[in-house]
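What follows is one structure encoded as structure tokens, with my remarks underneath.
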Amino acid sequence: MNDEERPPRRQSLLTHALLKGAVSDDDEDEVEDEEELKQQKRIEDMDEEDQPEYSMKEIKTVLEEAAEDIEESGIFDDLAENIEEIVRVGSFKASSSWDERREGMLSPRGGGGGGGMNITNGFRTNATMGHAENESSADDMKENLGGGGRSSSSFRRKRSEYLSNEVMKSLREDRQENNGYPTPILVTEEQLTDAFEVINSLETYVEAGEADPDFVEQFVPEELAVIVKGLAETAGFEETLMDDTQQDAIDFEEAVPDEFNFEEIRKTFDVQPISSRSMDDVRERCLELVNDMRLEDTFAVIDLHAVVKLYEHLKKRMPRVTPHYAVKCCPDRGIISTLAALGAGFDCASQGEVELIKELGIDVDKIILAHAVKRPVDLRCIAEHGVKFTTFDSESELHKMFAARLNECKLVLRIKADDPMAKISFGAKFGAHMDDIPKLLSTAQLLGMDIVGVSFHVGSSSRNPNAYRNAIQQAKDVFQQGYHYGFKMNLLDLGGGYTGLFDQTGNIDESPCDFSIIAKALDDIFPKDQWPKLKIIAEPGRYFAQSPITIASMVYGKRETVKASGDLHYDYYITDGLYGCFNGVIYDGLETPAYILKSTGDGSMPELELRLGLQHESTIWGPTCDSADCVMRDTMMTELNNGDYVLFPDSGAYTLAGSCDFNGIEATKARKFYVWGDRMCPTCTVEQLDSELFLPLKPPCELLQHITPETRASDGVDAGVE
Ligand SMILES: Cc1ncc(COP(=O)(O)O)c(C=O)c1O
């Protein structure tokens with residue numbers, strides 16, 4: 001489908017108006033009019049379960065407001081004309097015969113008089129009301145009306161009833177076909193117009209005492225029911241109701257800076273040059289910092305050049321994609337500012353993240369609030385800051401957005417599209433199943449929300465580029481379904497999941513997930529010439545944060561134990577643990593190698609130790625009193641001393657971000673030092689791998705609970721700190 005051919009977006013003014021009516025403060029207004037009092041009395045006399053939820057007065061208010069909106073919008077310019085036509089048709093002199101009336105007022109269809117759609121043509125139901133088209137005919141109507149020659153008022157009443165029945169029949173059938181969802185009622189702008197026309201004209205009849213008010217009472221509450229259901233679901237969110245925001249819709253524009261201007265960032269973050277991002281050079285910088293600044297706690301070294309290289313690589317390999325950095329992965333100001341200067345956007349998941357981006361002077365238009373389930377405070381933040389895009393995957397979220405009057409915020413439908421090989425999957429928690437798409441599109445349409453695109457997340461650390469291809473294909477399917485509901489989608493969000501480690505040549509290692517396969521899938525499924533306006537974004541988190549960051553944690557305690565075998569076992573206590581960066585061990589499957597920075601002055605390993613290659617079984621504990629706070633267990637390594645540092649390279653993803661200050665240990669305040677590694681290269685050389693690096697033989701963290709009392713006794717390992 002060509003972009004140009006897609007239908008214009010419509011606003012469901014009806015639902016707006018209905019909601020306004022439903023929550024109107026006028027509810028308590030006195031019913032002044034005598035007729036209204038009578039009506040109210042009639043309603044009160046009805047059995048309780050038969051009573052309509054809304055009084056005629058309320059419905060009238062709603063309809064009046066809808067009419068006002070219609071007039072203002074100019075979308076339904078021909079409405080007045082239609083109503084006039086309806087009224088005119090309804091006012092035919094009783095003296096004229098049915099046939100005369102028919103000849104006079106109707107235009108025949110297909111050139112023949114017999115098939116003309118008479119009055120229903122006045123409502124345009126034959127053209128647009130779906131079922132009514134086939135089932136209504138002049139003859140049906142004639143028969144239904146019982147022929148000509150009636151009094152004008154009985155004719156109008158009967159005709160009104162006939163039309164009401166036709167419309168209701170059509171609605172019911174539509175509803176049955178759509179599992180109870182009133183999809184086709186307002187599927188197209190024309191149908192919406194018709195619905196308005198019907199309601200308005202019926203209202204005219206009601207006012208003139210010519211139509212059965214019960215019909216209006218039935219019809220409108222059907223629509224209202226959907227809204228009311230939503231309001232009920234959002235109980236507790238009332239405080240989020242606020243005035244409409246007046247934001248204009250703005251597409252993501254990729255403001256690519258002419259030239260990446262690093263100077264400002266260098267000054268702001270005091271970025272120091274180092275020769276390369278290799279472990280040797282990072283370690284040298286760490287030693288300088290430790291010695292010069294007398295550091296004695298956890299700190300991070302962040303290479304902003306690596307961030308730049310990662311950005312350039314992604315843009316080169318997937319040129320159609322604009323990365324929106326997933327701030328949650330590492331909300332580091334230096335990384336964010338660098339990416340912003342490069343032209344990236346941002347995926348924020350909360351009010352806090354949105355405010356951080358804004359605080360850094362970045363335009364709100366660069367943000368997608370990509371959390372499919374938002375807290376009240378996040379909903380308020382969307383309105384307050386005018387966030388333009390957010391994701392959703394449920395009806396409930398649509399109702400929340402609607403109740404919070406967030407109609408200006410464009411919606412991106414998150415679908416489930418898991419890579420089964422990904423390290424961390426999100427499918428159980430987020431993403432709509434394909435079977436639920438019609439329901440979501442329908443509800444959004446009814447609520448007048450604007451769905452502009454589709455997003456997915458195949459899972460973090462994806463190892464299968466074909467998972468992206470499948471997801472892109474599914475997204476296209478949703479685009480097409482959306483078209484039938486009047487949604488003109490032009491945003492495709494590929495989510496995150498990419499890894500960004502440097503290989504031996506200093507290039508980014510794409511072996512886990514080949515970008516060219518994703519780029520090709522985009523070109524195959526959304527060919528550029530057919531989708532010139534399609535915006536494609538991605539939400540890489542790990543990709544940008546993992547390899548630029550090295551965490552350094554100091555050894556501040558040591559305990560020597562002689563095991564039953566006579567071998568030594570060392571316990572070390574370092575300044576960072578599971579409540580700090582190593583929360584990544586629990587939540588993110590963090591498995592990082594470690595390097596030692598000896599406090600021997602020049603940072604080198606003690607000669608003797610190195611020469612002898614002496615290693616001891618060692619366990620490294622975090623700083624809290626929790627005995628589960630164990631970073632690595634029973635790993636063979638060189639002896640450490642208090643004041644030495646353990647360096648964990650490539651560990652910026654979901655580490656610093658998840659730290660907390662448990663036990664009063666301020667892990668969230670770990671200091672950060674920025675560097676600019678001149679040369680890109682792998683973290684460590686083969687020689688380093690052989691000599692200094694120690695890789696935990698077991699998963700870096702096995703919670704202490706996993707150690708049975710028996711194994712502990714046989715190991716001769718003491719219980720952890722209490
Ligand atoms: C919606 C969303 N987008 C992007 C990301 C970033 O994922 P990754 O770090 O795997 O790139 C996440 C991670 O939780 C996410 O939930």
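Labeling convention for the structure tokens: chains A, B, ... as they appear, residues from 1 per chain, ligands from 1 in order of appearance.
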
Within 6 Å of ligand 1, which residues show up when you count only C-alpha atoms and all ligand atoms? List them as a count of residues only, please. 15

Residues at most 9 Å from region 661-664 of chain A, counting only C-alpha atoms, excluding those fewer than 3 positions away in the same chain, as a PyMOL selection string? chain A and resi 579-580+623-626+667-669

Quick one: residues within 10 Å of Tyr573 (chain A), only C-alpha atoms, excluding same-chain residues fewer than 6 positions away - as a PyMOL selection string? chain A and resi 553-559+619-624+630-631+642

For the residues selected in the previous step, produce a file with N, CA, C and O atoms as an mmCIF file, in the first residue's frame.
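File written: result01.cif
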data_model
loop_
_atom_site.group_PDB
_atom_site.id
_atom_site.type_symbol
_atom_site.label_atom_id
_atom_site.label_comp_id
_atom_site.auth_asym_id
_atom_site.auth_seq_id
_atom_site.Cartn_x
_atom_site.Cartn_y
_atom_site.Cartn_z
ATOM 1 N N SER A 553 36.205 -1.778 41.581
ATOM 2 C CA SER A 553 35.724 -1.921 42.963
ATOM 3 C C SER A 553 36.898 -2.306 43.867
ATOM 4 O O SER A 553 37.707 -3.187 43.526
ATOM 5 N N MET A 554 36.977 -1.645 45.007
ATOM 6 C CA MET A 554 38.178 -1.827 45.843
ATOM 7 C C MET A 554 38.023 -2.955 46.865
ATOM 8 O O MET A 554 36.957 -3.129 47.460
ATOM 9 N N VAL A 555 39.102 -3.674 47.038
ATOM 10 C CA VAL A 555 39.142 -4.706 48.094
ATOM 11 C C VAL A 555 39.388 -3.991 49.420
ATOM 12 O O VAL A 555 40.363 -3.252 49.555
ATOM 13 N N TYR A 556 38.486 -4.185 50.368
ATOM 14 C CA TYR A 556 38.690 -3.509 51.659
ATOM 15 C C TYR A 556 38.692 -4.494 52.834
ATOM 16 O O TYR A 556 38.797 -4.090 53.991
ATOM 17 N N GLY A 557 38.612 -5.784 52.547
ATOM 18 C CA GLY A 557 38.643 -6.762 53.634
ATOM 19 C C GLY A 557 39.098 -8.112 53.103
ATOM 20 O O GLY A 557 38.898 -8.429 51.920
ATOM 21 N N LYS A 558 39.708 -8.882 53.969
ATOM 22 C CA LYS A 558 40.286 -10.145 53.512
ATOM 23 C C LYS A 558 40.271 -11.136 54.670
ATOM 24 O O LYS A 558 40.496 -10.751 55.825
ATOM 25 N N ARG A 559 39.983 -12.387 54.375
ATOM 26 C CA ARG A 559 40.010 -13.406 55.428
ATOM 27 C C ARG A 559 40.628 -14.672 54.849
ATOM 28 O O ARG A 559 40.261 -15.111 53.753
ATOM 29 N N THR A 619 36.731 -16.322 47.189
ATOM 30 C CA THR A 619 35.337 -15.885 47.050
ATOM 31 C C THR A 619 35.311 -14.377 47.259
ATOM 32 O O THR A 619 35.962 -13.863 48.173
ATOM 33 N N ILE A 620 34.567 -13.702 46.390
ATOM 34 C CA ILE A 620 34.494 -12.245 46.517
ATOM 35 C C ILE A 620 33.089 -11.858 46.960
ATOM 36 O O ILE A 620 32.095 -12.238 46.325
ATOM 37 N N TRP A 621 33.052 -11.148 48.070
ATOM 38 C CA TRP A 621 31.777 -10.733 48.661
ATOM 39 C C TRP A 621 31.539 -9.259 48.442
ATOM 40 O O TRP A 621 32.462 -8.463 48.399
ATOM 41 N N GLY A 622 30.239 -8.925 48.363
ATOM 42 C CA GLY A 622 29.858 -7.511 48.314
ATOM 43 C C GLY A 622 29.904 -6.904 49.709
ATOM 44 O O GLY A 622 30.112 -7.617 50.695
ATOM 45 N N PRO A 623 29.689 -5.590 49.808
ATOM 46 C CA PRO A 623 29.947 -4.893 51.070
ATOM 47 C C PRO A 623 28.810 -4.952 52.094
ATOM 48 O O PRO A 623 29.004 -4.514 53.223
ATOM 49 N N THR A 624 27.648 -5.437 51.737
ATOM 50 C CA THR A 624 26.530 -5.367 52.690
ATOM 51 C C THR A 624 26.575 -6.527 53.680
ATOM 52 O O THR A 624 27.356 -7.468 53.524
ATOM 53 N N CYS A 630 27.129 -12.023 47.294
ATOM 54 C CA CYS A 630 28.372 -12.686 46.885
ATOM 55 C C CYS A 630 28.588 -12.452 45.396
ATOM 56 O O CYS A 630 27.727 -12.767 44.582
ATOM 57 N N VAL A 631 29.717 -11.885 45.043
ATOM 58 C CA VAL A 631 29.967 -11.532 43.647
ATOM 59 C C VAL A 631 30.507 -12.718 42.841
ATOM 60 O O VAL A 631 30.104 -12.974 41.728
ATOM 61 N N ASN A 642 44.119 -5.670 50.759
ATOM 62 C CA ASN A 642 43.291 -4.486 50.929
ATOM 63 C C ASN A 642 43.908 -3.330 50.147
ATOM 64 O O ASN A 642 45.123 -3.119 50.178
#

Could you list, as number ranges by chain, every residue within 12 Å of Leu287 (chain A), counting only C-alpha atoms and ignoring same-chain residues fewer than 3 positions away? A: 279-284, 290-296, 299, 301, 552, 554, 596-604, 643-647

Serialized selection, N, CA, C and O atoms, as a compact mmCIF listing (two decimals), in the first residue's frame:
# COMPACT_ATOMS: atom_id res chain seq x y z
N MET A 279 42.31 -2.90 28.02
CA MET A 279 42.38 -3.01 29.47
C MET A 279 43.66 -2.40 30.02
O MET A 279 43.65 -1.77 31.08
N ASP A 280 44.75 -2.51 29.26
CA ASP A 280 46.00 -1.92 29.73
C ASP A 280 45.85 -0.43 29.95
O ASP A 280 46.25 0.11 30.98
N ASP A 281 45.27 0.24 28.94
CA ASP A 281 45.15 1.70 29.03
C ASP A 281 44.10 2.14 30.04
O ASP A 281 44.27 3.13 30.73
N VAL A 282 43.03 1.39 30.11
CA VAL A 282 41.99 1.73 31.10
C VAL A 282 42.56 1.53 32.51
O VAL A 282 42.37 2.35 33.41
N ARG A 283 43.32 0.48 32.66
CA ARG A 283 43.89 0.21 33.98
C ARG A 283 44.88 1.30 34.40
O ARG A 283 44.89 1.74 35.55
N GLU A 284 45.62 1.75 33.41
CA GLU A 284 46.57 2.82 33.71
C GLU A 284 45.83 4.07 34.20
O GLU A 284 46.22 4.71 35.18
N VAL A 290 43.14 6.42 41.14
CA VAL A 290 43.21 5.92 42.52
C VAL A 290 44.29 6.67 43.29
O VAL A 290 44.07 7.14 44.41
N ASN A 291 45.44 6.82 42.65
CA ASN A 291 46.56 7.47 43.33
C ASN A 291 46.34 8.98 43.50
O ASN A 291 46.49 9.51 44.59
N ASP A 292 45.92 9.62 42.39
CA ASP A 292 45.78 11.08 42.45
C ASP A 292 44.64 11.51 43.34
O ASP A 292 44.71 12.53 44.02
N MET A 293 43.59 10.75 43.31
CA MET A 293 42.38 11.21 44.00
C MET A 293 42.13 10.45 45.30
O MET A 293 41.11 10.63 45.93
N ARG A 294 43.05 9.59 45.61
CA ARG A 294 42.93 8.79 46.84
C ARG A 294 41.56 8.11 46.92
O ARG A 294 40.84 8.19 47.91
N LEU A 295 41.22 7.45 45.81
CA LEU A 295 39.90 6.79 45.76
C LEU A 295 39.90 5.58 46.68
O LEU A 295 40.93 4.91 46.85
N GLU A 296 38.76 5.30 47.22
CA GLU A 296 38.66 4.15 48.12
C GLU A 296 37.29 3.51 48.02
O GLU A 296 36.83 2.83 48.93
N PHE A 299 34.18 2.94 41.49
CA PHE A 299 34.04 4.01 40.50
C PHE A 299 33.94 3.40 39.11
O PHE A 299 34.19 2.21 38.91
N VAL A 301 34.76 3.95 34.85
CA VAL A 301 35.47 4.68 33.79
C VAL A 301 34.66 4.50 32.51
O VAL A 301 34.35 3.37 32.11
N ALA A 552 35.23 -0.32 38.60
CA ALA A 552 36.38 -0.63 39.47
C ALA A 552 35.90 -0.68 40.91
O ALA A 552 35.28 0.26 41.40
N MET A 554 36.98 -1.65 45.01
CA MET A 554 38.18 -1.83 45.84
C MET A 554 38.02 -2.96 46.87
O MET A 554 36.96 -3.13 47.46
N ILE A 596 42.78 -7.51 37.76
CA ILE A 596 43.24 -6.99 39.04
C ILE A 596 44.08 -5.73 38.83
O ILE A 596 44.89 -5.67 37.90
N LEU A 597 43.84 -4.78 39.67
CA LEU A 597 44.68 -3.59 39.69
C LEU A 597 45.35 -3.60 41.06
O LEU A 597 44.71 -3.31 42.08
N LYS A 598 46.64 -3.97 41.08
CA LYS A 598 47.34 -4.08 42.37
C LYS A 598 47.71 -2.69 42.87
O LYS A 598 48.04 -1.81 42.10
N SER A 599 47.64 -2.56 44.15
CA SER A 599 48.00 -1.26 44.71
C SER A 599 49.50 -1.20 45.02
O SER A 599 49.91 -0.79 46.09
N THR A 600 50.28 -1.68 44.07
CA THR A 600 51.72 -1.70 44.29
C THR A 600 52.38 -0.42 43.84
O THR A 600 53.59 -0.34 43.68
N GLY A 601 51.61 0.57 43.61
CA GLY A 601 52.20 1.83 43.17
C GLY A 601 52.09 1.99 41.68
O GLY A 601 51.51 2.94 41.19
N ASP A 602 52.60 1.03 40.92
CA ASP A 602 52.49 1.16 39.46
C ASP A 602 51.37 0.26 38.92
O ASP A 602 51.16 0.18 37.72
N GLY A 603 50.72 -0.41 39.80
CA GLY A 603 49.56 -1.19 39.37
C GLY A 603 49.92 -2.56 38.81
O GLY A 603 49.05 -3.35 38.45
N SER A 604 51.19 -2.85 38.71
CA SER A 604 51.56 -4.14 38.12
C SER A 604 51.36 -5.27 39.12
O SER A 604 51.27 -5.04 40.32
N GLY A 643 43.04 -2.58 49.46
CA GLY A 643 43.54 -1.45 48.66
C GLY A 643 43.68 -1.82 47.19
O GLY A 643 43.73 -0.93 46.34
N ASP A 644 43.76 -3.11 46.88
CA ASP A 644 43.77 -3.51 45.46
C ASP A 644 42.38 -3.26 44.87
O ASP A 644 41.38 -3.19 45.59
N TYR A 645 42.36 -3.16 43.56
CA TYR A 645 41.06 -3.01 42.88
C TYR A 645 40.79 -4.21 41.98
O TYR A 645 41.72 -4.82 41.44
N VAL A 646 39.53 -4.54 41.84
CA VAL A 646 39.13 -5.53 40.84
C VAL A 646 38.38 -4.76 39.76
O VAL A 646 37.47 -3.98 40.07
N LEU A 647 38.80 -4.92 38.50
CA LEU A 647 38.19 -4.17 37.39
C LEU A 647 37.28 -5.09 36.58
O LEU A 647 37.68 -6.21 36.22

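The two atoms in question, CA of Tyr570 (chain A) and CA of Glu617 (chain A), are spaced 6.4 Å apart.
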
Could you pull the residues within 8 Å of Leu304 (chain A), counting only C-alpha atoms, minus those fewer than 2 positions along the same chain, as a VMD selection string? chain A and resid 302 306 to 308 334 to 335 338 548 674 to 677

Any idea what's packed within 7 Å of Phe648 (chain A), counting only C-alpha atoms, ignoring anything in its chain fewer than 6 positions away? Could you give it as a list in words?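 Surrounding residues, per the criterion: Thr550, Ile551, Ala552, Thr592, Pro593, Ala594 and Tyr595 of chain A.
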
Output the selection as a PDB file, in the first residue's frame - all heavy atoms for each residue.
ATOM      1  N   THR A 550      33.844   0.494  32.381  1.00  0.00           N
ATOM      2  CA  THR A 550      34.587  -0.424  33.246  1.00  0.00           C
ATOM      3  C   THR A 550      34.259  -0.053  34.696  1.00  0.00           C
ATOM      4  O   THR A 550      34.345   1.123  35.065  1.00  0.00           O
ATOM      5  CB  THR A 550      36.110  -0.262  33.034  1.00  0.00           C
ATOM      6  OG1 THR A 550      36.394  -0.515  31.662  1.00  0.00           O
ATOM      7  CG2 THR A 550      36.905  -1.224  33.912  1.00  0.00           C
ATOM      8  N   ILE A 551      33.876  -1.042  35.477  1.00  0.00           N
ATOM      9  CA  ILE A 551      33.597  -0.780  36.893  1.00  0.00           C
ATOM     10  C   ILE A 551      34.823  -1.195  37.708  1.00  0.00           C
ATOM     11  O   ILE A 551      35.365  -2.288  37.498  1.00  0.00           O
ATOM     12  CB  ILE A 551      32.386  -1.620  37.386  1.00  0.00           C
ATOM     13  CG1 ILE A 551      31.153  -1.411  36.504  1.00  0.00           C
ATOM     14  CG2 ILE A 551      32.100  -1.363  38.877  1.00  0.00           C
ATOM     15  CD1 ILE A 551      30.427  -0.133  36.696  1.00  0.00           C
ATOM     16  N   ALA A 552      35.228  -0.323  38.604  1.00  0.00           N
ATOM     17  CA  ALA A 552      36.381  -0.635  39.465  1.00  0.00           C
ATOM     18  C   ALA A 552      35.905  -0.684  40.915  1.00  0.00           C
ATOM     19  O   ALA A 552      35.284   0.258  41.397  1.00  0.00           O
ATOM     20  CB  ALA A 552      37.443   0.453  39.300  1.00  0.00           C
ATOM     21  N   THR A 592      30.813 -11.224  33.920  1.00  0.00           N
ATOM     22  CA  THR A 592      31.922 -10.415  33.432  1.00  0.00           C
ATOM     23  C   THR A 592      33.256 -11.001  33.906  1.00  0.00           C
ATOM     24  O   THR A 592      33.351 -11.483  35.030  1.00  0.00           O
ATOM     25  CB  THR A 592      31.779  -8.958  33.907  1.00  0.00           C
ATOM     26  OG1 THR A 592      32.937  -8.239  33.541  1.00  0.00           O
ATOM     27  CG2 THR A 592      31.582  -8.847  35.409  1.00  0.00           C
ATOM     28  N   PRO A 593      34.253 -10.961  33.022  1.00  0.00           N
ATOM     29  CA  PRO A 593      35.580 -11.326  33.486  1.00  0.00           C
ATOM     30  C   PRO A 593      36.075 -10.229  34.426  1.00  0.00           C
ATOM     31  O   PRO A 593      35.461  -9.185  34.531  1.00  0.00           O
ATOM     32  CB  PRO A 593      36.410 -11.366  32.211  1.00  0.00           C
ATOM     33  CG  PRO A 593      35.693 -10.467  31.280  1.00  0.00           C
ATOM     34  CD  PRO A 593      34.248 -10.524  31.643  1.00  0.00           C
ATOM     35  N   ALA A 594      37.153 -10.491  35.097  1.00  0.00           N
ATOM     36  CA  ALA A 594      37.654  -9.466  36.018  1.00  0.00           C
ATOM     37  C   ALA A 594      39.167  -9.358  35.886  1.00  0.00           C
ATOM     38  O   ALA A 594      39.848 -10.325  35.542  1.00  0.00           O
ATOM     39  CB  ALA A 594      37.271  -9.842  37.442  1.00  0.00           C
ATOM     40  N   TYR A 595      39.676  -8.163  36.125  1.00  0.00           N
ATOM     41  CA  TYR A 595      41.121  -7.921  36.096  1.00  0.00           C
ATOM     42  C   TYR A 595      41.519  -7.325  37.429  1.00  0.00           C
ATOM     43  O   TYR A 595      40.718  -6.675  38.102  1.00  0.00           O
ATOM     44  CB  TYR A 595      41.481  -6.917  35.002  1.00  0.00           C
ATOM     45  CG  TYR A 595      41.198  -7.412  33.621  1.00  0.00           C
ATOM     46  CD1 TYR A 595      39.917  -7.328  33.119  1.00  0.00           C
ATOM     47  CD2 TYR A 595      42.200  -7.969  32.851  1.00  0.00           C
ATOM     48  CE1 TYR A 595      39.636  -7.793  31.852  1.00  0.00           C
ATOM     49  CE2 TYR A 595      41.929  -8.440  31.578  1.00  0.00           C
ATOM     50  CZ  TYR A 595      40.650  -8.346  31.087  1.00  0.00           C
ATOM     51  OH  TYR A 595      40.382  -8.800  29.833  1.00  0.00           O
TER      52      TYR A 595
END

Which is closest to Met318 (chain A) among A:Ser516, A:Thr683, A:Ser627, A:Asn641, if we use only C-alpha atoms? A:Ser516

Which of region 502-654 of chain A DSSP labels helix (DSSP H, G or I), written as a PyMOL selection string: chain A and resi 515-525+542-545+583-587+607-612

Mind writing the picked residues with N, CA, C and O atoms as a short mmCIF file (atom, residue, chain, number, x, y, z; two decimals), in the first residue's frame?
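File written: out.cif
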data_model
loop_
_atom_site.label_atom_id
_atom_site.label_comp_id
_atom_site.auth_asym_id
_atom_site.auth_seq_id
_atom_site.Cartn_x
_atom_site.Cartn_y
_atom_site.Cartn_z
N PHE A 515 23.53 -7.14 11.77
CA PHE A 515 22.68 -5.99 11.45
C PHE A 515 22.22 -6.00 9.99
O PHE A 515 21.16 -5.47 9.66
N SER A 516 23.07 -6.56 9.10
CA SER A 516 22.69 -6.48 7.68
C SER A 516 21.42 -7.31 7.42
O SER A 516 20.64 -7.00 6.52
N ILE A 517 21.21 -8.32 8.25
CA ILE A 517 20.00 -9.14 8.05
C ILE A 517 18.77 -8.33 8.45
O ILE A 517 17.72 -8.38 7.80
N ILE A 518 18.93 -7.55 9.50
CA ILE A 518 17.80 -6.71 9.93
C ILE A 518 17.54 -5.62 8.87
O ILE A 518 16.40 -5.37 8.48
N ALA A 519 18.63 -5.01 8.39
CA ALA A 519 18.48 -3.95 7.38
C ALA A 519 17.81 -4.50 6.12
O ALA A 519 16.93 -3.85 5.53
N LYS A 520 18.18 -5.70 5.75
CA LYS A 520 17.58 -6.30 4.55
C LYS A 520 16.10 -6.60 4.77
O LYS A 520 15.26 -6.38 3.89
N ALA A 521 15.81 -7.10 5.97
CA ALA A 521 14.40 -7.39 6.28
C ALA A 521 13.56 -6.12 6.15
O ALA A 521 12.45 -6.14 5.62
N LEU A 522 14.12 -5.00 6.60
CA LEU A 522 13.39 -3.73 6.49
C LEU A 522 13.13 -3.38 5.04
O LEU A 522 12.02 -3.00 4.66
N ASP A 523 14.18 -3.53 4.22
CA ASP A 523 14.02 -3.18 2.81
C ASP A 523 13.06 -4.12 2.09
O ASP A 523 12.33 -3.72 1.19
N ASP A 524 13.08 -5.40 2.50
CA ASP A 524 12.17 -6.35 1.85
C ASP A 524 10.72 -6.09 2.24
O ASP A 524 9.82 -6.13 1.41
N ILE A 525 10.52 -5.85 3.52
CA ILE A 525 9.15 -5.80 4.03
C ILE A 525 8.55 -4.39 3.92
O ILE A 525 7.37 -4.23 3.66
N ARG A 542 21.65 -1.92 25.92
CA ARG A 542 22.90 -2.64 26.14
C ARG A 542 23.96 -2.28 25.10
O ARG A 542 25.14 -2.13 25.42
N TYR A 543 23.53 -2.18 23.85
CA TYR A 543 24.45 -1.94 22.75
C TYR A 543 25.35 -0.72 23.02
O TYR A 543 26.55 -0.76 22.76
N PHE A 544 24.75 0.33 23.56
CA PHE A 544 25.52 1.56 23.77
C PHE A 544 26.23 1.62 25.12
O PHE A 544 27.19 2.36 25.28
N ALA A 545 25.73 0.87 26.09
CA ALA A 545 26.25 1.09 27.45
C ALA A 545 27.24 0.02 27.91
O ALA A 545 28.06 0.28 28.79
N ASN A 583 24.02 -6.16 40.82
CA ASN A 583 22.60 -6.53 40.69
C ASN A 583 22.39 -7.12 39.30
O ASN A 583 21.47 -7.91 39.08
N GLY A 584 23.27 -6.74 38.38
CA GLY A 584 23.19 -7.26 37.02
C GLY A 584 23.36 -8.78 36.97
O GLY A 584 22.89 -9.43 36.04
N VAL A 585 24.02 -9.32 38.00
CA VAL A 585 24.19 -10.77 38.06
C VAL A 585 22.82 -11.43 38.22
O VAL A 585 22.52 -12.46 37.61
N ILE A 586 22.03 -10.82 39.05
CA ILE A 586 20.71 -11.39 39.32
C ILE A 586 19.73 -11.07 38.20
O ILE A 586 19.04 -11.94 37.68
N TYR A 587 19.66 -9.79 37.82
CA TYR A 587 18.60 -9.37 36.90
C TYR A 587 18.98 -9.50 35.43
O TYR A 587 18.11 -9.53 34.57
N GLU A 607 55.82 -9.32 41.15
CA GLU A 607 56.69 -10.19 40.35
C GLU A 607 56.58 -11.66 40.71
O GLU A 607 56.32 -12.51 39.87
N LEU A 608 56.74 -11.89 42.02
CA LEU A 608 56.83 -13.26 42.47
C LEU A 608 55.55 -14.04 42.17
O LEU A 608 55.57 -15.14 41.62
N GLU A 609 54.48 -13.42 42.48
CA GLU A 609 53.18 -14.06 42.26
C GLU A 609 53.02 -14.42 40.79
O GLU A 609 52.61 -15.50 40.43
N LEU A 610 53.38 -13.40 39.97
CA LEU A 610 53.22 -13.62 38.54
C LEU A 610 54.09 -14.77 38.06
O LEU A 610 53.66 -15.64 37.31
N ARG A 611 55.37 -14.74 38.55
CA ARG A 611 56.34 -15.73 38.08
C ARG A 611 55.90 -17.14 38.50
O ARG A 611 55.91 -18.08 37.74
N LEU A 612 55.43 -17.20 39.71
CA LEU A 612 55.04 -18.52 40.20
C LEU A 612 53.64 -18.92 39.75
O LEU A 612 53.26 -20.07 39.83
#

CA of Leu342 (chain A) to CA of Asn261 (chain A), straight-line distance in Å: 8.4 Å

List every residue of region 349-522 of chain A that DSSP, applied to the backbone of this structure, places in strand (DSSP E or B), and write the result as a ChimeraX atom specification. /A:367-369,389-392,410-415,424,432,451-455,460,491-493,502,508

Please, what distance in Å, to one decimal, runs between CA of Thr268 (chain A) and CA of His385 (chain A)? 25.3 Å
